[in-house]
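This is input27.csv. It holds CSV, C-alpha atoms and all ligand atoms.
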chain,number,residue,atom,x,y,z
A,1,MET,CA,0.0,0.0,0.0
A,2,LYS,CA,1.4,3.4,-1.0
A,3,SER,CA,1.6,6.0,1.8
A,4,VAL,CA,0.8,9.5,0.7
A,5,ALA,CA,1.2,12.8,2.6
A,6,LYS,CA,-2.1,14.4,3.5
A,7,LYS,CA,-2.8,17.6,1.6
A,8,ASN,CA,-5.3,20.3,2.5
A,9,TRP,CA,-7.8,21.7,0.1
A,10,THR,CA,-6.3,24.8,-1.4
A,11,THR,CA,-9.0,26.6,-3.3
A,12,PRO,CA,-9.8,29.8,-1.4
A,13,ASN,CA,-13.0,30.6,-3.4
A,14,LEU,CA,-14.4,27.2,-2.6
A,15,THR,CA,-13.7,27.6,1.1
A,16,THR,CA,-15.4,31.0,1.1
A,17,LEU,CA,-18.4,29.7,-0.8
A,18,LEU,CA,-18.8,26.7,1.5
A,19,THR,CA,-18.4,28.8,4.7
A,20,GLN,CA,-21.0,31.2,3.4
A,21,THR,CA,-23.3,28.3,2.5
A,22,ASP,CA,-22.9,26.9,6.0
A,23,ARG,CA,-23.8,30.2,7.5
A,24,ILE,CA,-26.9,30.6,5.4
A,25,MET,CA,-28.1,27.1,6.0
A,26,SER,CA,-27.8,27.4,9.7
A,27,GLY,CA,-30.1,30.4,9.6
A,28,GLY,CA,-27.4,33.1,9.7
A,29,ASN,CA,-27.0,36.2,7.6
A,30,GLY,CA,-24.1,37.2,5.4
A,31,TRP,CA,-25.7,37.6,2.0
A,32,HIS,CA,-25.0,41.0,0.5
A,33,ALA,CA,-27.2,41.3,-2.5
A,34,ASP,CA,-26.5,43.5,-5.5
A,35,PRO,CA,-28.3,46.8,-4.4
A,36,SER,CA,-29.7,47.2,-8.0
A,37,LEU,CA,-31.6,43.9,-7.4
A,38,ILE,CA,-33.4,45.0,-4.2
A,39,LEU,CA,-36.9,46.6,-4.5
A,40,PRO,CA,-37.7,49.6,-2.1
A,41,SER,CA,-39.7,47.1,-0.1
A,42,GLY,CA,-36.5,45.2,0.6
A,43,VAL,CA,-37.5,42.2,-1.5
A,44,TYR,CA,-34.9,40.7,-3.9
A,45,ARG,CA,-36.1,40.8,-7.5
A,46,GLY,CA,-33.2,39.1,-9.2
A,47,ARG,CA,-33.3,35.6,-10.6
A,48,VAL,CA,-32.8,32.7,-8.2
A,49,HIS,CA,-31.4,29.2,-8.6
A,50,VAL,CA,-33.2,26.6,-6.4
A,51,GLY,CA,-32.0,23.1,-5.6
A,52,VAL,CA,-33.7,20.3,-3.7
A,53,ASP,CA,-31.7,17.3,-2.4
A,54,LEU,CA,-33.8,14.4,-1.2
A,55,GLY,CA,-31.1,12.6,0.7
A,56,THR,CA,-31.3,9.5,2.9
A,57,ALA,CA,-30.5,11.6,6.0
A,58,TYR,CA,-31.2,15.2,5.1
A,59,THR,CA,-33.7,16.9,2.8
A,60,VAL,CA,-32.1,20.1,1.7
A,61,LEU,CA,-33.7,23.1,0.0
A,62,MET,CA,-31.2,25.8,-1.1
A,63,VAL,CA,-31.7,29.1,-2.9
A,64,LEU,CA,-28.9,30.9,-4.7
A,65,ASP,CA,-29.0,34.4,-6.1
A,66,GLU,CA,-28.3,35.4,-9.7
A,67,ASN,CA,-24.6,35.1,-9.1
A,68,TYR,CA,-24.8,31.6,-7.6
A,69,GLN,CA,-24.3,32.8,-4.0
A,70,PRO,CA,-26.4,31.2,-1.3
A,71,ILE,CA,-29.2,33.4,0.1
A,72,ALA,CA,-31.6,31.1,2.0
A,73,GLY,CA,-32.1,27.5,2.7
A,74,GLU,CA,-33.5,24.9,5.0
A,75,TYR,CA,-32.4,21.3,5.9
A,76,GLN,CA,-34.1,18.7,7.9
A,77,PHE,CA,-33.3,15.2,9.1
A,78,ALA,CA,-35.9,13.0,7.5
A,79,GLN,CA,-36.1,9.4,6.3
A,80,VAL,CA,-38.1,9.9,3.1
A,81,THR,CA,-35.7,8.2,0.8
A,82,ARG,CA,-33.5,5.1,1.0
A,83,ASP,CA,-30.7,4.3,-1.4
A,84,GLY,CA,-31.9,7.0,-3.8
A,85,LEU,CA,-35.5,5.7,-3.8
A,86,VAL,CA,-38.4,7.7,-2.5
A,87,VAL,CA,-39.9,5.4,0.2
A,88,ASP,CA,-42.3,7.9,1.8
A,89,PHE,CA,-43.7,10.0,-1.1
A,90,ILE,CA,-46.4,11.8,1.0
A,91,GLY,CA,-43.9,12.5,3.8
A,92,ALA,CA,-41.4,13.9,1.3
A,93,VAL,CA,-44.0,16.2,-0.3
A,94,ASP,CA,-45.3,17.4,3.1
A,95,LEU,CA,-41.7,18.1,4.3
A,96,LEU,CA,-40.7,19.9,1.2
A,97,ARG,CA,-43.9,22.0,1.2
A,98,GLU,CA,-43.1,23.0,4.8
A,99,MET,CA,-39.5,23.8,4.1
A,100,LYS,CA,-40.4,25.8,0.9
A,101,SER,CA,-42.9,27.9,2.9
A,102,LYS,CA,-40.3,28.7,5.6
A,103,VAL,CA,-37.8,29.7,2.9
A,104,GLU,CA,-40.4,31.8,1.1
A,105,LYS,CA,-41.2,33.6,4.3
A,106,LYS,CA,-37.5,34.5,4.7
A,107,LEU,CA,-37.2,35.7,1.1
A,108,GLY,CA,-40.5,37.4,0.8
A,109,PHE,CA,-41.4,35.8,-2.5
A,110,THR,CA,-42.7,32.4,-3.9
A,111,LEU,CA,-40.5,29.8,-5.3
A,112,THR,CA,-41.9,28.2,-8.5
A,113,SER,CA,-39.2,25.9,-9.8
A,114,ALA,CA,-36.2,23.9,-8.6
A,115,ALA,CA,-33.6,21.4,-9.7
A,116,THR,CA,-33.0,18.1,-8.1
A,117,ALA,CA,-30.7,15.1,-8.5
A,118,TYR,CA,-30.6,11.3,-8.2
A,119,PRO,CA,-27.8,9.0,-7.1
A,120,PRO,CA,-25.9,7.2,-10.0
A,121,GLY,CA,-27.5,3.9,-11.1
A,122,VAL,CA,-31.1,4.8,-10.0
A,123,PRO,CA,-33.6,3.4,-12.5
A,124,GLU,CA,-35.5,5.9,-14.7
A,125,ALA,CA,-38.9,5.1,-13.0
A,126,GLU,CA,-37.5,5.9,-9.6
A,127,ARG,CA,-35.9,9.1,-10.8
A,128,ARG,CA,-39.4,10.2,-11.9
A,129,ALA,CA,-40.6,9.8,-8.3
A,130,THR,CA,-38.0,12.3,-7.2
A,131,ALA,CA,-39.2,14.8,-9.7
A,132,ASN,CA,-42.8,14.1,-8.7
A,133,VAL,CA,-42.0,15.1,-5.1
A,134,LEU,CA,-41.1,18.6,-6.5
A,135,HIS,CA,-44.3,18.8,-8.5
A,136,GLY,CA,-46.2,17.7,-5.3
A,137,ALA,CA,-44.7,20.7,-3.5
A,138,SER,CA,-45.7,23.1,-6.4
A,139,LEU,CA,-42.2,23.3,-7.9
A,140,ASP,CA,-41.5,22.8,-11.6
A,141,CYS,CA,-38.6,20.5,-12.0
A,142,THR,CA,-36.2,22.6,-14.2
A,143,GLY,CA,-33.0,20.6,-13.7
A,144,PHE,CA,-32.3,17.0,-13.2
A,145,ILE,CA,-28.8,15.6,-13.0
A,146,ASP,CA,-27.0,12.8,-11.1
A,147,GLU,CA,-25.5,13.7,-7.8
A,148,PRO,CA,-21.7,13.5,-8.6
A,149,THR,CA,-22.3,15.8,-11.6
A,150,ALA,CA,-24.0,18.2,-9.2
A,151,ALA,CA,-21.1,18.0,-6.8
A,152,ASN,CA,-18.7,18.7,-9.6
A,153,ASN,CA,-20.6,21.9,-10.5
A,154,VAL,CA,-19.0,23.1,-7.2
A,155,LEU,CA,-15.6,21.3,-7.2
A,156,LYS,CA,-15.0,21.6,-11.0
A,157,ILE,CA,-12.5,18.8,-11.2
A,158,ARG,CA,-11.3,17.5,-14.5
A,159,ASP,CA,-9.6,14.3,-13.4
A,160,GLY,CA,-10.0,12.1,-10.3
A,161,ALA,CA,-12.9,10.7,-8.4
A,162,ILE,CA,-15.6,12.4,-6.3
A,163,VAL,CA,-16.7,10.2,-3.4
A,164,ASP,CA,-20.0,11.3,-1.8
A,165,VAL,CA,-20.5,9.6,1.6
A,166,GLY,CA,-24.0,10.6,2.7
A,167,GLY,CA,-26.4,9.1,5.2
A,168,GLY,CA,-27.3,5.9,3.4
A,169,THR,CA,-24.8,5.4,0.6
A,170,THR,CA,-21.4,6.0,-0.8
A,171,GLY,CA,-21.5,7.3,-4.3
A,172,ILE,CA,-18.4,7.4,-6.5
A,173,ALA,CA,-17.9,9.1,-9.8
A,174,ILE,CA,-14.7,9.0,-11.8
A,175,PHE,CA,-14.0,12.0,-14.0
A,176,ARG,CA,-11.7,12.2,-17.0
A,177,ASP,CA,-11.2,15.6,-18.8
A,178,GLY,CA,-14.2,16.9,-16.9
A,179,GLU,CA,-16.5,14.1,-18.1
A,180,VAL,CA,-18.1,11.4,-15.9
A,181,MET,CA,-16.5,8.1,-17.0
A,182,TYR,CA,-17.9,5.7,-14.4
A,183,THR,CA,-20.3,5.9,-11.5
A,184,ALA,CA,-21.4,3.6,-8.7
A,185,ASP,CA,-23.5,3.9,-5.5
A,186,GLU,CA,-23.4,1.4,-2.7
A,187,ALA,CA,-25.1,1.1,0.7
A,188,THR,CA,-22.9,2.2,3.6
A,189,GLY,CA,-22.9,5.8,4.9
A,190,GLY,CA,-23.4,7.8,8.1
A,191,THR,CA,-26.3,5.7,9.2
A,192,SER,CA,-23.9,2.8,9.6
A,193,PHE,CA,-21.7,5.0,11.7
A,194,SER,CA,-24.6,5.9,14.0
A,195,LEU,CA,-25.6,2.2,14.3
A,196,VAL,CA,-22.2,1.0,15.4
A,197,ILE,CA,-22.0,3.9,17.9
A,198,ALA,CA,-25.5,3.0,19.2
A,199,GLY,CA,-24.4,-0.6,19.5
A,200,SER,CA,-21.2,0.0,21.4
A,201,THR,CA,-22.6,2.7,23.7
A,202,GLY,CA,-26.1,1.4,24.4
A,203,LYS,CA,-27.6,4.7,23.2
A,204,THR,CA,-30.6,5.1,20.9
A,205,PHE,CA,-30.0,5.8,17.2
A,206,GLU,CA,-31.0,9.4,17.7
A,207,GLU,CA,-28.6,9.8,20.6
A,208,ALA,CA,-25.8,8.1,18.7
A,209,GLU,CA,-26.4,10.5,15.7
A,210,ALA,CA,-26.1,13.5,18.0
A,211,MET,CA,-22.9,12.2,19.6
A,212,LYS,CA,-21.4,11.4,16.2
A,213,LYS,CA,-21.8,14.9,15.0
A,214,ASN,CA,-20.4,16.5,18.2
A,215,PRO,CA,-16.7,17.4,17.4
A,216,ASN,CA,-15.8,16.9,21.1
A,217,GLU,CA,-16.9,13.2,20.9
A,218,GLN,CA,-15.3,12.3,17.6
A,219,THR,CA,-11.8,11.5,18.9
A,220,ARG,CA,-13.3,9.1,21.5
A,221,LEU,CA,-15.6,7.5,19.0
A,222,PHE,CA,-13.0,7.2,16.2
A,223,PRO,CA,-11.9,3.6,17.1
A,224,VAL,CA,-15.6,2.6,17.1
A,225,VAL,CA,-16.3,3.9,13.6
A,226,ARG,CA,-12.9,3.2,12.0
A,227,PRO,CA,-14.1,-0.2,10.7
A,228,VAL,CA,-17.0,1.6,8.8
A,229,MET,CA,-14.5,4.1,7.4
A,230,GLU,CA,-12.4,1.1,6.2
A,231,LYS,CA,-15.5,-0.4,4.6
A,232,VAL,CA,-16.1,2.8,2.7
A,233,ALA,CA,-12.4,2.7,1.6
A,234,SER,CA,-12.9,-0.9,0.4
A,235,ILE,CA,-15.9,0.2,-1.7
A,236,ILE,CA,-13.8,2.9,-3.2
A,237,ASN,CA,-10.9,0.5,-3.9
A,238,ARG,CA,-13.2,-1.9,-5.7
A,239,HIS,CA,-14.7,0.8,-7.9
A,240,VAL,CA,-11.5,2.6,-8.8
A,241,LYS,CA,-9.7,-0.6,-9.7
A,242,GLY,CA,-8.8,-0.6,-13.4
A,243,HIS,CA,-9.2,3.2,-13.7
A,244,GLN,CA,-6.5,5.7,-13.5
A,245,VAL,CA,-7.5,7.7,-10.3
A,246,ASP,CA,-4.8,10.0,-8.8
A,247,LYS,CA,-7.0,12.0,-6.4
A,248,LEU,CA,-10.1,11.4,-4.4
A,249,TYR,CA,-12.4,14.4,-3.5
A,250,LEU,CA,-14.6,13.7,-0.5
A,251,VAL,CA,-18.0,15.2,-0.1
A,252,GLY,CA,-21.2,14.3,1.9
A,253,GLY,CA,-21.9,14.9,5.6
A,254,THR,CA,-20.2,11.7,6.8
A,255,CYS,CA,-16.8,13.0,5.5
A,256,ALA,CA,-17.0,15.7,8.2
A,257,PHE,CA,-16.1,13.1,10.8
A,258,VAL,CA,-12.5,14.0,11.9
A,259,GLY,CA,-9.9,11.6,10.5
A,260,MET,CA,-12.2,10.1,7.8
A,261,ASP,CA,-10.0,11.6,5.0
A,262,GLU,CA,-6.9,10.1,6.5
A,263,VAL,CA,-8.3,6.6,6.8
A,264,ILE,CA,-9.5,6.8,3.2
A,265,GLN,CA,-6.1,8.0,2.0
A,266,GLU,CA,-4.3,5.3,4.0
A,267,MET,CA,-6.5,2.5,2.9
A,268,THR,CA,-6.7,3.4,-0.8
A,269,GLY,CA,-3.1,4.8,-1.2
A,270,ILE,CA,-4.7,7.7,-3.3
A,271,GLU,CA,-4.2,11.3,-2.4
A,272,THR,CA,-7.5,12.4,-0.7
A,273,VAL,CA,-8.8,15.9,-0.3
A,274,LEU,CA,-11.6,17.2,1.8
A,275,PRO,CA,-13.3,20.6,1.3
A,276,SER,CA,-13.8,22.8,4.4
A,277,ASN,CA,-17.3,21.5,4.9
A,278,PRO,CA,-18.4,18.6,2.8
A,279,LEU,CA,-22.1,18.5,3.9
A,280,PHE,CA,-23.6,21.0,1.4
A,281,VAL,CA,-21.4,20.5,-1.7
A,282,THR,CA,-23.9,18.3,-3.5
A,283,PRO,CA,-27.0,20.4,-2.6
A,284,LEU,CA,-25.1,23.5,-3.7
A,285,GLY,CA,-24.3,21.9,-7.0
A,286,ILE,CA,-27.9,20.9,-7.5
A,287,ALA,CA,-29.0,24.5,-6.9
A,288,MET,CA,-26.4,25.7,-9.4
A,289,ASN,CA,-28.2,23.6,-12.0
A,290,GLY,CA,-31.6,25.2,-11.2
B,1,LIG,N1,-20.2,16.8,11.5
B,1,LIG,C1,-20.5,15.6,11.2
B,1,LIG,N2,-19.7,14.5,11.5
B,1,LIG,C2,-20.1,13.3,11.1
B,1,LIG,N3,-21.2,13.0,10.4
B,1,LIG,C3,-22.0,14.0,10.0
B,1,LIG,C4,-21.7,15.3,10.4
B,1,LIG,N4,-22.7,16.1,9.9
B,1,LIG,C5,-23.5,15.3,9.3
B,1,LIG,N5,-23.1,14.0,9.4
B,1,LIG,C6,-23.8,12.8,8.8
B,1,LIG,O1,-23.8,12.9,7.4
B,1,LIG,C7,-24.9,12.2,6.9
B,1,LIG,C8,-25.8,13.1,6.0
B,1,LIG,O2,-25.0,13.5,5.0
B,1,LIG,P1,-25.6,14.0,3.6
B,1,LIG,O3,-26.6,15.1,3.8
B,1,LIG,O4,-24.5,14.2,2.7
B,1,LIG,O5,-26.4,12.6,3.3
B,1,LIG,P2,-27.7,12.4,2.4
B,1,LIG,O6,-27.6,13.2,1.1
B,1,LIG,O7,-28.9,12.8,3.2
B,1,LIG,O8,-27.7,10.9,2.2
B,1,LIG,P3,-27.5,10.0,0.8
B,1,LIG,O9,-26.5,10.8,0.0
B,1,LIG,O10,-26.8,8.8,1.3
B,1,LIG,O11,-28.8,9.9,0.3
B,1,LIG,C9,-25.7,11.7,8.2
B,1,LIG,O12,-25.5,10.4,8.4
B,1,LIG,C10,-25.2,12.6,9.3
B,1,LIG,O13,-25.3,12.0,10.5
B,2,MG,MG,-26.6,12.8,-0.6
Translate this file's structure into structure tokens.
Ligand SMILES: Nc1ncnc2c1ncn2[C@@H]1O[C@H](COP(=O)(O)OP(=O)(O)OP(=O)(O)O)[C@@H](O)[C@H]1O
Ligand SMILES: [Mg+2]
Amino acid sequence: MKSVAKKNWTTPNLTTLLTQTDRIMSGGNGWHADPSLILPSGVYRGRVHVGVDLGTAYTVLMVLDENYQPIAGEYQFAQVTRDGLVVDFIGAVDLLREMKSKVEKKLGFTLTSAATAYPPGVPEAERRATANVLHGASLDCTGFIDEPTAANNVLKIRDGAIVDVGGGTTGIAIFRDGEVMYTADEATGGTSFSLVIAGSTGKTFEEAEAMKKNPNEQTRLFPVVRPVMEKVASIINRHVKGHQVDKLYLVGGTCAFVGMDEVIQEMTGIETVLPSNPLFVTPLGIAMNG
């Protein structure tokens, strides 16, 4: 196994964009709109780009301004999809309606359309269900791409692999000259982390979820979740085999666990980079497509 020195992500614009996105998604301010696009009433009158990510763990609604800067959003833990399939259609529509109405209240205008995305490998009929959730929430579906392509709207890589470790699955997309060459999506994600934490601490799943996301607990929990990180690495190894992949780009909420990038790099022998906050990369890329 090759050993590779850990490198930090070095794109300052990306870091700024993701920090800004984090601030907006956690209800904070920080958006400075172009004054020519603000009506005397204070309402933004420019164009917006809207994205909906119906993830296994989080449903995310994100709104960007004309210049693709985040201006408002909502995210909520909800189990309305599993492995890319909508398993609770009514629940998903109700949740999205509720989130849309909260965001509209913040913005002062109605959202009429949005883009969404599906994990690689999801059959056509199932993808349609995702788009239908948007229609159910009175949003025209104006953009529909696969998740790694969405993530690459943000990362803009030409060569390498994007690895999206979400709640339920690990998605992999190999890029060559900016084009997707190969994609895969396999079960194993943050839910598995929470399950092993619950198992070893005797806590409920919800308590384990909260502990896992607490940065003060992550060092103590690292040995407990390391085997799951290694499983993610073995999935990556299996899929990159036979392809020339010199760099892995980690996205998805699970990659925020401290030390995840190091385990992946160690077990794959491939240089692994992690953006400042990997959680909203895919939803941001979906909104960019809206
Ligand atoms: N700071 C954190 N540290 C560790 N895990 C985290 C952190 N923040 C979020 N997570 C985990 O990330 C997962 C959610 O990530 P994400 O939103 O990318 O997944 P998703 O899109 O809902 O799921 P999928 O892509 O599998 O459909 C959850 O399992 C959540 O517990
Ligand atoms: Mg996801």
If the limit is 7 Å from any atom of ligand MG 2 (chain B), counting all atoms listed in the file, which residues qualify? Return them as a list of chain:residue names.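 After applying the 7 Å limit, what remains is A:Gly55, A:Thr56, A:Asp164, A:Gly166, A:Gly167, A:Gly252, A:Thr282.
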Counting all atoms listed in the file, figure out which residue out of A:Ala117, A:Phe280, A:Gly160, A:Arg128 gets nearest to Ser26 of chain A.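 Nearest to Ser26 of chain A: A:Phe280.
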For ligand LIG 1 (chain B), list the contacting residues at 6 Å or closer, counting only C-alpha atoms and all ligand atoms, as number ranges by chain. A: 55-58, 84, 166-169, 190-191, 209, 212-213, 252-254, 256-257, 279
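Among the candidates A:Cys255, A:Leu139, A:Val50, A:Ala125, the residue lying nearest to Ala72 of chain A is A:Val50 (atoms considered: only C-alpha atoms).
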Using all atoms listed in the file, which residues sit within 12 Å of Leu195 of chain A once same-chain residues fewer than 2 positions away are excluded, as an NGL selection string? :A and (167-168 or 188-193 or 197-212 or 224-225 or 228)
Determine the nearest neighbour of Leu134 of chain A from the options A:Glu74, A:Leu54, A:Arg82, A:Asp65, counting only C-alpha atoms.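 Using only C-alpha atoms, the shortest distance to Leu134 of chain A belongs to A:Leu54.
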Considering all atoms listed in the file, state which residue in the set A:Leu221, A:Leu14, A:Ala114, A:Ala78 is at the smallest distance from Val196 of chain A. A:Leu221
May I ask which of the residues A:Val60, A:Val154, A:Leu111, A:Val165 is the closest one to Val232 of chain A, counting only C-alpha atoms? A:Val165
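If all atoms listed in the file are the atoms counted, then among A:Val251, A:Val240, A:Val52, A:Val273 the closest residue to Gly290 of chain A is A:Val52.
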So how far away is atom CA of Glu186 of chain A from atom CA of Thr170 of chain A, in Å?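 So the two atoms, atom CA of Thr170 of chain A and atom CA of Glu186 of chain A, lie 5.4 Å apart.
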Within 9 Å of Met99 of chain A using only C-alpha atoms, minus same-chain residues under 3 positions, as JSON, numbers by chain: {"A": [60, 61, 73, 74, 75, 76, 94, 95, 96, 102, 103, 104]}
